[in-house]
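Asks: Data file my_file_7.csv (CSV, C-alpha atoms and all ligand atoms) is appended below.
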```csv
chain,number,residue,atom,x,y,z
A,1,MET,CA,0.0,0.0,0.0
A,2,SER,CA,1.4,3.4,-0.9
A,3,ARG,CA,1.8,5.9,1.9
A,4,GLU,CA,0.1,8.6,-0.2
A,5,ALA,CA,-3.5,8.7,-1.0
A,6,VAL,CA,-3.4,11.8,-3.3
A,7,GLY,CA,0.3,12.6,-3.3
A,8,SER,CA,2.1,15.4,-5.2
A,9,GLN,CA,1.5,13.9,-8.6
A,10,GLY,CA,-2.2,13.5,-7.8
A,11,ALA,CA,-2.4,17.0,-6.5
A,12,GLU,CA,-0.8,18.3,-9.8
A,13,TRP,CA,-3.3,16.3,-11.8
A,14,LEU,CA,-6.1,17.7,-9.7
A,15,ARG,CA,-4.9,21.3,-9.9
A,16,LEU,CA,-5.1,21.2,-13.7
A,17,ARG,CA,-8.6,19.7,-13.7
A,18,VAL,CA,-9.9,22.1,-11.1
A,19,ALA,CA,-8.7,25.0,-13.2
A,20,ALA,CA,-10.1,23.5,-16.4
A,21,ARG,CA,-13.5,23.0,-14.8
A,22,GLY,CA,-13.4,26.6,-13.5
A,23,LEU,CA,-13.8,25.5,-9.9
A,24,PRO,CA,-12.9,28.3,-7.5
A,25,TYR,CA,-10.5,26.4,-5.3
A,26,ARG,CA,-7.0,26.9,-4.1
A,27,LEU,CA,-5.4,23.5,-3.3
A,28,ARG,CA,-2.8,22.9,-0.6
A,29,LEU,CA,-1.5,19.3,-0.2
A,30,HIS,CA,0.3,18.2,3.0
A,31,SER,CA,1.9,14.8,3.5
A,32,ARG,CA,1.2,14.9,7.3
A,33,VAL,CA,-0.8,17.3,9.5
A,34,VAL,CA,-2.5,17.2,12.8
A,35,SER,CA,-5.9,17.9,11.3
A,36,THR,CA,-6.8,19.6,8.0
A,37,GLN,CA,-9.7,21.2,10.0
A,38,ASP,CA,-7.1,23.1,12.1
A,39,LEU,CA,-5.3,24.4,9.1
A,40,VAL,CA,-8.5,25.7,7.6
A,41,ALA,CA,-9.5,27.3,10.9
A,42,ARG,CA,-6.1,29.0,11.1
A,43,ALA,CA,-6.4,30.3,7.5
A,44,ALA,CA,-10.0,31.5,8.3
A,45,ARG,CA,-8.6,33.6,11.2
A,46,ASN,CA,-6.0,35.0,8.9
A,47,SER,CA,-8.7,36.4,6.5
A,48,THR,CA,-8.1,33.8,3.8
A,49,SER,CA,-11.0,33.9,1.3
A,50,GLU,CA,-13.3,31.0,0.8
A,51,GLY,CA,-12.3,28.2,-1.6
A,52,LEU,CA,-9.1,27.1,0.3
A,53,VAL,CA,-8.8,23.3,0.2
A,54,VAL,CA,-6.4,21.6,2.6
A,55,ILE,CA,-5.6,18.0,1.6
A,56,ALA,CA,-3.6,15.6,3.8
A,57,ASP,CA,-2.2,12.2,3.0
A,58,GLU,CA,-2.0,11.6,6.8
A,59,GLN,CA,-3.4,13.2,9.9
A,60,THR,CA,-2.0,12.6,13.4
A,61,ALA,CA,-5.1,13.7,15.2
A,62,GLY,CA,-8.0,13.8,12.7
A,63,ARG,CA,-11.3,14.6,14.3
A,64,GLY,CA,-14.8,13.1,13.7
A,65,ARG,CA,-18.2,14.1,14.8
A,66,LEU,CA,-19.4,14.0,18.4
A,67,GLY,CA,-15.9,14.2,19.8
A,68,ARG,CA,-14.6,11.1,18.1
A,69,SER,CA,-11.2,10.7,16.4
A,70,TRP,CA,-10.8,10.0,12.7
A,71,VAL,CA,-7.8,7.7,12.5
A,72,ALA,CA,-6.5,6.6,9.1
A,73,PRO,CA,-3.0,5.3,8.4
A,74,ALA,CA,-1.2,7.1,5.5
A,75,GLY,CA,-2.5,6.2,2.1
A,76,THR,CA,-5.8,4.7,3.2
A,77,SER,CA,-8.1,7.6,3.2
A,78,VAL,CA,-8.8,10.8,1.1
A,79,MET,CA,-8.9,13.6,3.7
A,80,PHE,CA,-9.5,17.2,3.1
A,81,SER,CA,-11.2,20.4,4.4
A,82,VAL,CA,-12.7,23.2,2.5
A,83,LEU,CA,-13.2,26.8,3.7
A,84,TRP,CA,-16.5,28.4,3.0
A,85,ARG,CA,-17.7,31.7,4.2
A,86,PRO,CA,-21.5,31.8,4.0
A,87,THR,CA,-23.1,34.8,5.6
A,88,ALA,CA,-25.6,32.8,7.6
A,89,PRO,CA,-24.4,29.2,8.2
A,90,ASP,CA,-26.8,26.8,9.8
A,91,PRO,CA,-26.8,23.1,10.5
A,92,THR,CA,-28.3,22.3,7.1
A,93,LEU,CA,-25.1,23.2,5.4
A,94,ALA,CA,-23.6,20.0,6.8
A,95,LEU,CA,-26.4,18.0,5.3
A,96,ALA,CA,-25.9,19.8,1.9
A,97,ALA,CA,-22.2,18.9,2.1
A,98,GLY,CA,-23.1,15.3,2.9
A,99,LEU,CA,-25.3,15.1,-0.2
A,100,ALA,CA,-22.5,16.5,-2.3
A,101,VAL,CA,-20.0,14.0,-1.0
A,102,ALA,CA,-22.5,11.1,-1.7
A,103,GLU,CA,-22.9,12.4,-5.3
A,104,GLY,CA,-19.2,12.9,-5.7
A,105,ILE,CA,-18.4,9.3,-4.6
A,106,GLU,CA,-21.1,8.0,-6.9
A,107,ALA,CA,-19.9,10.0,-9.9
A,108,ALA,CA,-16.3,8.8,-9.4
A,109,THR,CA,-16.9,5.2,-8.6
A,110,GLY,CA,-20.3,4.2,-10.0
A,111,LEU,CA,-21.2,2.8,-6.6
A,112,THR,CA,-24.6,3.6,-5.1
A,113,ILE,CA,-24.2,5.8,-2.1
A,114,SER,CA,-26.9,6.4,0.6
A,115,LEU,CA,-26.9,8.9,3.5
A,116,LYS,CA,-27.1,8.2,7.2
A,117,TRP,CA,-28.4,11.3,9.0
A,118,PRO,CA,-26.8,13.7,9.4
A,119,ASN,CA,-24.1,13.2,6.8
A,120,ASP,CA,-22.5,9.8,6.8
A,121,CYS,CA,-22.1,8.2,3.4
A,122,LEU,CA,-22.8,4.5,3.1
A,123,VAL,CA,-22.3,1.9,0.5
A,124,GLY,CA,-24.3,-1.3,0.9
A,125,GLY,CA,-25.3,0.0,4.4
A,126,ARG,CA,-21.6,0.5,5.5
A,127,LYS,CA,-20.0,3.8,6.2
A,128,VAL,CA,-17.4,4.8,3.6
A,129,ALA,CA,-17.2,8.5,4.2
A,130,GLY,CA,-17.9,11.0,7.0
A,131,LEU,CA,-18.0,14.8,7.3
A,132,LEU,CA,-17.2,17.1,10.1
A,133,VAL,CA,-18.5,20.7,9.6
A,134,GLU,CA,-17.3,23.2,12.1
A,135,THR,CA,-17.7,27.0,12.4
A,136,VAL,CA,-14.3,28.7,12.4
A,137,GLY,CA,-13.2,32.3,13.1
A,138,VAL,CA,-15.1,34.7,15.2
A,139,PRO,CA,-18.8,34.6,14.5
A,140,GLY,CA,-20.2,37.9,13.1
A,141,SER,CA,-16.7,39.1,12.1
A,142,PRO,CA,-15.0,38.9,8.7
A,143,SER,CA,-13.0,35.9,10.0
A,144,ALA,CA,-16.2,33.8,10.4
A,145,GLY,CA,-16.4,30.8,8.2
A,146,VAL,CA,-17.1,27.1,8.0
A,147,ALA,CA,-14.6,24.3,7.7
A,148,VAL,CA,-16.1,21.3,5.8
A,149,GLY,CA,-13.9,18.3,6.6
A,150,VAL,CA,-14.3,15.1,4.6
A,151,GLY,CA,-12.8,11.7,5.2
A,152,CYS,CA,-13.4,8.9,2.7
A,153,ASN,CA,-12.0,5.4,3.1
A,154,VAL,CA,-10.3,4.4,-0.2
A,155,ALA,CA,-7.7,1.7,0.4
A,156,TRP,CA,-8.2,-1.0,3.1
A,157,ALA,CA,-7.3,-4.1,1.1
A,158,GLY,CA,-3.7,-3.9,2.4
A,159,ILE,CA,-4.8,-3.8,6.0
A,160,PRO,CA,-5.2,-7.1,7.8
A,161,LYS,CA,-8.8,-7.9,8.4
A,162,ALA,CA,-8.3,-8.1,12.1
A,163,GLU,CA,-7.2,-4.5,12.1
A,164,ARG,CA,-10.1,-3.1,10.2
A,165,PRO,CA,-13.1,-1.7,11.9
A,166,GLY,CA,-16.2,-3.8,12.4
A,167,PRO,CA,-18.9,-4.7,9.8
A,168,ASN,CA,-20.4,-1.2,9.8
A,169,ALA,CA,-17.6,0.4,7.8
A,170,THR,CA,-16.0,-0.2,4.5
A,171,ALA,CA,-13.6,1.3,1.9
A,172,LEU,CA,-13.9,1.9,-1.8
A,173,ASP,CA,-11.4,-0.7,-2.8
A,174,LEU,CA,-13.2,-3.3,-0.8
A,175,GLU,CA,-16.3,-2.4,-2.8
A,176,GLY,CA,-14.5,-3.0,-6.1
A,177,TRP,CA,-13.2,0.5,-6.9
A,178,ASP,CA,-9.5,0.9,-7.7
A,179,GLY,CA,-9.5,4.3,-9.3
A,180,MET,CA,-7.2,7.3,-8.7
A,181,PRO,CA,-7.9,9.1,-5.3
A,182,ALA,CA,-7.3,12.5,-7.1
A,183,LYS,CA,-10.1,11.6,-9.5
A,184,LEU,CA,-12.4,11.0,-6.5
A,185,LEU,CA,-11.3,14.3,-5.0
A,186,LEU,CA,-12.1,16.1,-8.2
A,187,GLU,CA,-15.7,14.8,-8.3
A,188,LEU,CA,-16.1,15.5,-4.6
A,189,LEU,CA,-14.9,19.1,-5.0
A,190,GLU,CA,-17.1,19.7,-8.0
A,191,ARG,CA,-20.2,18.4,-6.3
A,192,LEU,CA,-19.4,20.4,-3.1
A,193,GLU,CA,-19.2,23.6,-5.1
A,194,ALA,CA,-22.5,22.9,-6.9
A,195,ARG,CA,-24.4,22.0,-3.8
A,196,TYR,CA,-22.9,24.9,-1.8
A,197,ARG,CA,-24.0,27.4,-4.5
A,198,GLN,CA,-27.5,25.8,-4.5
A,199,TRP,CA,-27.7,25.9,-0.7
A,200,LEU,CA,-26.7,29.6,-0.8
A,201,ALA,CA,-29.4,30.3,-3.4
A,202,THR,CA,-32.3,28.2,-2.1
A,203,GLY,CA,-31.4,27.1,1.4
A,204,PHE,CA,-31.7,23.4,2.3
A,205,GLU,CA,-35.3,23.4,1.0
A,206,GLY,CA,-34.1,23.2,-2.5
A,207,LEU,CA,-32.0,20.2,-1.7
A,208,LEU,CA,-34.3,18.3,0.6
A,209,ASP,CA,-35.9,16.0,-2.0
A,210,HIS,CA,-32.5,14.9,-3.3
A,211,TRP,CA,-31.3,14.4,0.3
A,212,VAL,CA,-34.3,12.3,1.4
A,213,GLN,CA,-34.1,10.1,-1.7
A,214,ARG,CA,-30.7,8.9,-0.4
A,215,LEU,CA,-31.8,8.6,3.2
A,216,SER,CA,-31.0,5.1,4.7
A,217,TRP,CA,-33.6,3.3,6.7
A,218,MET,CA,-36.5,5.6,5.7
A,219,GLY,CA,-39.7,4.3,7.3
A,220,ARG,CA,-37.8,1.6,9.3
A,221,GLU,CA,-37.2,1.1,13.0
A,222,VAL,CA,-33.9,2.6,14.0
A,223,GLU,CA,-31.9,3.3,17.2
A,224,LEU,CA,-30.9,6.8,18.0
A,225,HIS,CA,-28.0,7.4,20.4
A,226,LEU,CA,-28.3,10.6,22.3
A,227,PRO,CA,-25.7,11.7,24.9
A,228,ASP,CA,-27.9,10.5,27.8
A,229,ARG,CA,-30.0,7.7,26.3
A,230,VAL,CA,-30.9,5.5,23.4
A,231,VAL,CA,-34.3,6.0,21.7
A,232,GLN,CA,-36.0,3.6,19.4
A,233,GLY,CA,-38.4,4.7,16.8
A,234,ARG,CA,-39.5,4.8,13.2
A,235,LEU,CA,-37.6,7.0,10.8
A,236,LEU,CA,-40.0,9.5,9.2
A,237,GLY,CA,-37.5,11.7,7.4
A,238,VAL,CA,-35.7,15.0,7.8
A,239,ARG,CA,-37.2,18.5,8.0
A,240,THR,CA,-36.1,21.6,6.1
A,241,ASP,CA,-34.3,22.8,9.2
A,242,GLY,CA,-32.2,19.6,9.1
A,243,ARG,CA,-33.7,17.9,12.1
A,244,LEU,CA,-34.5,14.2,12.0
A,245,GLN,CA,-38.1,13.1,12.5
A,246,LEU,CA,-38.6,10.0,14.5
A,247,GLU,CA,-41.9,8.4,15.4
A,248,VAL,CA,-41.5,7.2,19.0
A,249,GLY,CA,-44.7,5.6,20.3
A,250,ASP,CA,-47.5,8.1,19.4
A,251,GLN,CA,-45.2,11.1,19.4
A,252,VAL,CA,-43.0,12.6,16.7
A,253,MET,CA,-39.6,13.5,18.0
A,254,LEU,CA,-37.4,16.1,16.3
A,255,VAL,CA,-33.7,15.6,16.8
A,256,ALA,CA,-31.0,18.1,16.1
A,257,ALA,CA,-27.9,16.0,17.0
A,258,GLY,CA,-27.3,12.3,17.6
A,259,ASP,CA,-26.0,9.1,16.2
A,260,LEU,CA,-28.3,6.9,14.2
A,261,GLY,CA,-28.2,3.2,14.0
A,262,GLY,CA,-25.6,2.7,16.7
A,263,SER,CA,-22.0,2.3,15.8
A,264,GLY,CA,-20.9,5.5,14.1
A,265,GLY,CA,-17.9,3.5,13.0
A,266,GLY,CA,-16.1,4.8,10.0
A,267,SER,CA,-12.4,5.3,10.2
A,268,LEU,CA,-9.9,2.7,11.1
A,269,ARG,CA,-9.8,3.0,14.8
A,270,LEU,CA,-12.3,4.9,16.9
A,271,ARG,CA,-11.3,6.1,20.3
A,272,ASP,CA,-12.4,9.0,22.5
A,273,GLY,CA,-11.3,12.2,20.9
A,274,HIS,CA,-9.7,15.2,22.4
A,275,LEU,CA,-11.1,18.3,20.8
A,276,ASP,CA,-8.3,20.7,20.2
A,277,ASP,CA,-10.0,24.2,20.0
A,278,PRO,CA,-12.6,23.3,17.5
A,279,GLY,CA,-15.5,25.6,16.8
A,280,PRO,CA,-18.9,24.1,17.3
A,281,ALA,CA,-19.8,21.4,14.8
A,282,ILE,CA,-22.8,22.5,12.8
B,301,LIG,C1,-17.2,11.5,11.1
B,301,LIG,O1,-17.5,10.6,10.4
B,301,LIG,O2,-17.3,11.5,12.3
B,301,LIG,C2,-16.5,12.7,10.4
B,301,LIG,C3,-15.1,12.4,9.9
B,301,LIG,C4,-14.5,13.6,9.3
B,301,LIG,C5,-13.0,13.3,9.0
B,301,LIG,C6,-12.4,14.3,8.2
B,301,LIG,S1,-10.8,13.9,7.6
B,301,LIG,C7,-10.5,15.5,7.0
B,301,LIG,C8,-11.0,16.4,8.1
B,301,LIG,N1,-10.0,16.7,9.1
B,301,LIG,C9,-10.4,16.2,10.3
B,301,LIG,O3,-9.7,16.2,11.3
B,301,LIG,N2,-11.6,15.6,10.2
B,301,LIG,C10,-12.1,15.7,8.9
```
Show how you would write the structure in this file as structure tokens.

Replies:
Amino acid sequence: MSREAVGSQGAEWLRLRVAARGLPYRLRLHSRVVSTQDLVARAARNSTSEGLVVIADEQTAGRGRLGRSWVAPAGTSVMFSVLWRPTAPDPTLALAAGLAVAEGIEAATGLTISLKWPNDCLVGGRKVAGLLVETVGVPGSPSAGVAVGVGCNVAWAGIPKAERPGPNATALDLEGWDGMPAKLLLELLERLEARYRQWLATGFEGLLDHWVQRLSWMGREVELHLPDRVVQGRLLGVRTDGRLQLEVGDQVMLVAAGDLGGSGGGSLRLRDGHLDDPGPAI
């Protein structure tokens, strides 16, 4: 297994295509960082304009949702963060980004990707990619922005089975895709740009139907893990404000944050995460 997922050649290939497609990104590739989210947060504080993309072949303390770590040995995962500066970010931006990532993976690989609320991407019911969307900079000031972090498992075949996560996670190569990570990244960036522009223009309302069409376990009994309890109910859908609708007994419960279906497993090794000065996840 190569220790580079994207690598400098891949980044060069990507730069040319990003320019050819007129995508408004500035790419920075690092072989090893603590977390791409931190670099984007720092750039946001330094008044960098939106469109910065920080890509890493390896992270030493990558972060996931709900305080988890995102751990992926070098070369196994496509990992990057994008800086956006919407004037009024809200939690639905994270869902819009998840939709874009699902579409990008599908466009690059031909695999069918579904969404697990709020923004996990699944193939065959297993998590293949996750997003962490955090506010960065000082809210209400010119430094305010959003860091959209994406981790997609691409190459696990070289990892011994015993060291892979449980049955709830997978990687693109295990699903039969052996394409170029840079090509995947190009499709992801293109879809992210398209869905971000649409979200700015219409809000999440304009994306909701596309989102719900990909929603896993629609109408089925699910388990929702909240910080203090586990709730069981029937999944009714998602509202325009991004909240999950769950039928629990004869009540409809609206949920802003939680973990659906149990494991949340996605990267190679989950352990309790230490949050190193993150803005709130949205
Ligand atoms: C999750 O599924 O919990 C979200 C995982 C997000 C991981 C990505 S990898 C690139 C970016 N940098 C980070 O530290 N996290 C995100």

Asks: From the set A:Ile113, A:Ala108, A:Val133, A:Val101, which residue has the shortest atom-to-atom contact distance to ligand LIG 301 (chain B), counting all atoms listed in the file?

Replies: A:Val133

Asks: Residues within 8 Å of ligand LIG 301 (chain B) (all atoms listed in the file), as an MDAnalysis selection string?

Replies: chainID A and resid 34:38 55:56 59 61:66 68:70 78:81 119:120 129:132 148:152 264:267

Asks: Need to verify the contact set: A:Gly140, 10 Å, all atoms listed in the file, exclusion of same-chain residues closer than 5 positions in sequence. Can you return it as an mmCIF file with C-alpha atoms, in the coordinates of the input?

Replies:
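The new file out_30.cif reads:
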```cif
data_model
loop_
_atom_site.group_PDB
_atom_site.id
_atom_site.type_symbol
_atom_site.label_atom_id
_atom_site.label_comp_id
_atom_site.auth_asym_id
_atom_site.auth_seq_id
_atom_site.Cartn_x
_atom_site.Cartn_y
_atom_site.Cartn_z
ATOM 1 C CA THR A 87 -23.100 34.800 5.600
ATOM 2 C CA ALA A 88 -25.600 32.800 7.600
ATOM 3 C CA GLY A 145 -16.400 30.800 8.200
#
```

Asks: Near A:Gly206, within 12 Å and counting only C-alpha atoms, which residues show up once chain neighbours fewer than 2 positions away are dropped, as a short mmCIF file (atom, residue, chain, number, x, y, z; two decimals) with C-alpha atoms, in the frame of the given file?

Replies:
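The result, written out as around33.cif:
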```
data_model
loop_
_atom_site.label_atom_id
_atom_site.label_comp_id
_atom_site.auth_asym_id
_atom_site.auth_seq_id
_atom_site.Cartn_x
_atom_site.Cartn_y
_atom_site.Cartn_z
CA THR A 92 -28.30 22.30 7.10
CA LEU A 93 -25.10 23.20 5.40
CA ALA A 96 -25.90 19.80 1.90
CA ARG A 195 -24.40 22.00 -3.80
CA TYR A 196 -22.90 24.90 -1.80
CA ARG A 197 -24.00 27.40 -4.50
CA GLN A 198 -27.50 25.80 -4.50
CA TRP A 199 -27.70 25.90 -0.70
CA LEU A 200 -26.70 29.60 -0.80
CA ALA A 201 -29.40 30.30 -3.40
CA THR A 202 -32.30 28.20 -2.10
CA GLY A 203 -31.40 27.10 1.40
CA PHE A 204 -31.70 23.40 2.30
CA LEU A 208 -34.30 18.30 0.60
CA ASP A 209 -35.90 16.00 -2.00
CA HIS A 210 -32.50 14.90 -3.30
CA TRP A 211 -31.30 14.40 0.30
CA VAL A 212 -34.30 12.30 1.40
CA ARG A 239 -37.20 18.50 8.00
CA THR A 240 -36.10 21.60 6.10
CA ASP A 241 -34.30 22.80 9.20
#
```

Asks: Find the residues around stretch 168-175 of chain A up to 12 Å (all atoms listed in the file counted), leave out those fewer than 2 positions away in its own chain, and share them as a ChimeraX atom specification.

Replies: /A:1,72,76-78,105-106,108-113,116,120-130,151-159,161,164-166,177-181,184,261-270

Asks: Keeping only C-alpha atoms, write the selected residues to a file as a PDB file, in the frame of the given file.

Replies:
```
ATOM      1  CA  MET A   1       0.000   0.000   0.000  1.00  0.00           C
ATOM      2  CA  ALA A  72      -6.500   6.600   9.100  1.00  0.00           C
ATOM      3  CA  THR A  76      -5.800   4.700   3.200  1.00  0.00           C
ATOM      4  CA  SER A  77      -8.100   7.600   3.200  1.00  0.00           C
ATOM      5  CA  VAL A  78      -8.800  10.800   1.100  1.00  0.00           C
ATOM      6  CA  ILE A 105     -18.400   9.300  -4.600  1.00  0.00           C
ATOM      7  CA  GLU A 106     -21.100   8.000  -6.900  1.00  0.00           C
ATOM      8  CA  ALA A 108     -16.300   8.800  -9.400  1.00  0.00           C
ATOM      9  CA  THR A 109     -16.900   5.200  -8.600  1.00  0.00           C
ATOM     10  CA  GLY A 110     -20.300   4.200 -10.000  1.00  0.00           C
ATOM     11  CA  LEU A 111     -21.200   2.800  -6.600  1.00  0.00           C
ATOM     12  CA  THR A 112     -24.600   3.600  -5.100  1.00  0.00           C
ATOM     13  CA  ILE A 113     -24.200   5.800  -2.100  1.00  0.00           C
ATOM     14  CA  LYS A 116     -27.100   8.200   7.200  1.00  0.00           C
ATOM     15  CA  ASP A 120     -22.500   9.800   6.800  1.00  0.00           C
ATOM     16  CA  CYS A 121     -22.100   8.200   3.400  1.00  0.00           C
ATOM     17  CA  LEU A 122     -22.800   4.500   3.100  1.00  0.00           C
ATOM     18  CA  VAL A 123     -22.300   1.900   0.500  1.00  0.00           C
ATOM     19  CA  GLY A 124     -24.300  -1.300   0.900  1.00  0.00           C
ATOM     20  CA  GLY A 125     -25.300   0.000   4.400  1.00  0.00           C
ATOM     21  CA  ARG A 126     -21.600   0.500   5.500  1.00  0.00           C
ATOM     22  CA  LYS A 127     -20.000   3.800   6.200  1.00  0.00           C
ATOM     23  CA  VAL A 128     -17.400   4.800   3.600  1.00  0.00           C
ATOM     24  CA  ALA A 129     -17.200   8.500   4.200  1.00  0.00           C
ATOM     25  CA  GLY A 130     -17.900  11.000   7.000  1.00  0.00           C
ATOM     26  CA  GLY A 151     -12.800  11.700   5.200  1.00  0.00           C
ATOM     27  CA  CYS A 152     -13.400   8.900   2.700  1.00  0.00           C
ATOM     28  CA  ASN A 153     -12.000   5.400   3.100  1.00  0.00           C
ATOM     29  CA  VAL A 154     -10.300   4.400  -0.200  1.00  0.00           C
ATOM     30  CA  ALA A 155      -7.700   1.700   0.400  1.00  0.00           C
ATOM     31  CA  TRP A 156      -8.200  -1.000   3.100  1.00  0.00           C
ATOM     32  CA  ALA A 157      -7.300  -4.100   1.100  1.00  0.00           C
ATOM     33  CA  GLY A 158      -3.700  -3.900   2.400  1.00  0.00           C
ATOM     34  CA  ILE A 159      -4.800  -3.800   6.000  1.00  0.00           C
ATOM     35  CA  LYS A 161      -8.800  -7.900   8.400  1.00  0.00           C
ATOM     36  CA  ARG A 164     -10.100  -3.100  10.200  1.00  0.00           C
ATOM     37  CA  PRO A 165     -13.100  -1.700  11.900  1.00  0.00           C
ATOM     38  CA  GLY A 166     -16.200  -3.800  12.400  1.00  0.00           C
ATOM     39  CA  TRP A 177     -13.200   0.500  -6.900  1.00  0.00           C
ATOM     40  CA  ASP A 178      -9.500   0.900  -7.700  1.00  0.00           C
ATOM     41  CA  GLY A 179      -9.500   4.300  -9.300  1.00  0.00           C
ATOM     42  CA  MET A 180      -7.200   7.300  -8.700  1.00  0.00           C
ATOM     43  CA  PRO A 181      -7.900   9.100  -5.300  1.00  0.00           C
ATOM     44  CA  LEU A 184     -12.400  11.000  -6.500  1.00  0.00           C
ATOM     45  CA  GLY A 261     -28.200   3.200  14.000  1.00  0.00           C
ATOM     46  CA  GLY A 262     -25.600   2.700  16.700  1.00  0.00           C
ATOM     47  CA  SER A 263     -22.000   2.300  15.800  1.00  0.00           C
ATOM     48  CA  GLY A 264     -20.900   5.500  14.100  1.00  0.00           C
ATOM     49  CA  GLY A 265     -17.900   3.500  13.000  1.00  0.00           C
ATOM     50  CA  GLY A 266     -16.100   4.800  10.000  1.00  0.00           C
ATOM     51  CA  SER A 267     -12.400   5.300  10.200  1.00  0.00           C
ATOM     52  CA  LEU A 268      -9.900   2.700  11.100  1.00  0.00           C
ATOM     53  CA  ARG A 269      -9.800   3.000  14.800  1.00  0.00           C
ATOM     54  CA  LEU A 270     -12.300   4.900  16.900  1.00  0.00           C
TER      55      LEU A 270
END
```

Asks: Of the residues A:Ala74, A:Met253, A:Val138, A:Leu27, which is the one nearest to A:Asn46, using all atoms listed in the file?

Replies: A:Val138

Asks: With distances taken over all atoms listed in the file, which of A:Ala147, A:Gly104, A:Val54, A:Gly22 is nearest to A:Trp84?

Replies: A:Ala147

Asks: Would you list the residues near (-6.4, 21.9, -9.5), meaning any protein, DNA or RNA residue with an atom at most 12 Å from that point in file coordinates, counting all atoms listed in the file, as a VMD selection string?

Replies: chain A and resid 8 to 29 51 to 53 55 182 to 183 185 to 187 189 to 190

Asks: Which one is closest to A:Arg220: A:Ala100, A:Leu260, A:Leu207, A:Leu95? Count only C-alpha atoms.

Replies: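 Looking at the shortest contact to A:Arg220, the residue is A:Leu260.
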
Asks: So which one's closest to A:Gly242, A:Glu163, A:Val6, A:Arg85, A:Trp117? Using all atoms listed in the file, please.

Replies: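 Checking each of A:Glu163, A:Val6, A:Arg85, A:Trp117 against A:Gly242, counting all atoms listed in the file, the winner is A:Trp117.
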
Asks: If I take atom CA of A:Leu246 and atom CA of A:Ser216, how far is one from the other in Å, to one decimal?

Replies: 13.3 Å

Asks: Just give me the gap between atom CA of A:Val146 and atom CA of A:Arg243 in Å, one decimal is fine.

Replies: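 We find that atom CA of A:Val146 and atom CA of A:Arg243 lie 19.4 Å from each other.
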
Asks: If I take atom CA of A:Val238 and atom CA of A:Pro118, how far is one from the other in Å, to one decimal?

Replies: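 If I compute the distance from atom CA of A:Val238 to atom CA of A:Pro118, I get 9.1 Å.
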
Asks: Could you list, as number ranges by chain, every residue within 7 Å of A:Val222, counting only C-alpha atoms and ignoring same-chain residues fewer than 6 positions away?

Replies: A: 232-235, 261

Asks: Would you please work out which residue, of A:Leu115, A:Ala94, A:Ala144, A:Val252, is nearest to A:Ser49 when using all atoms listed in the file?

Replies: A:Ala144
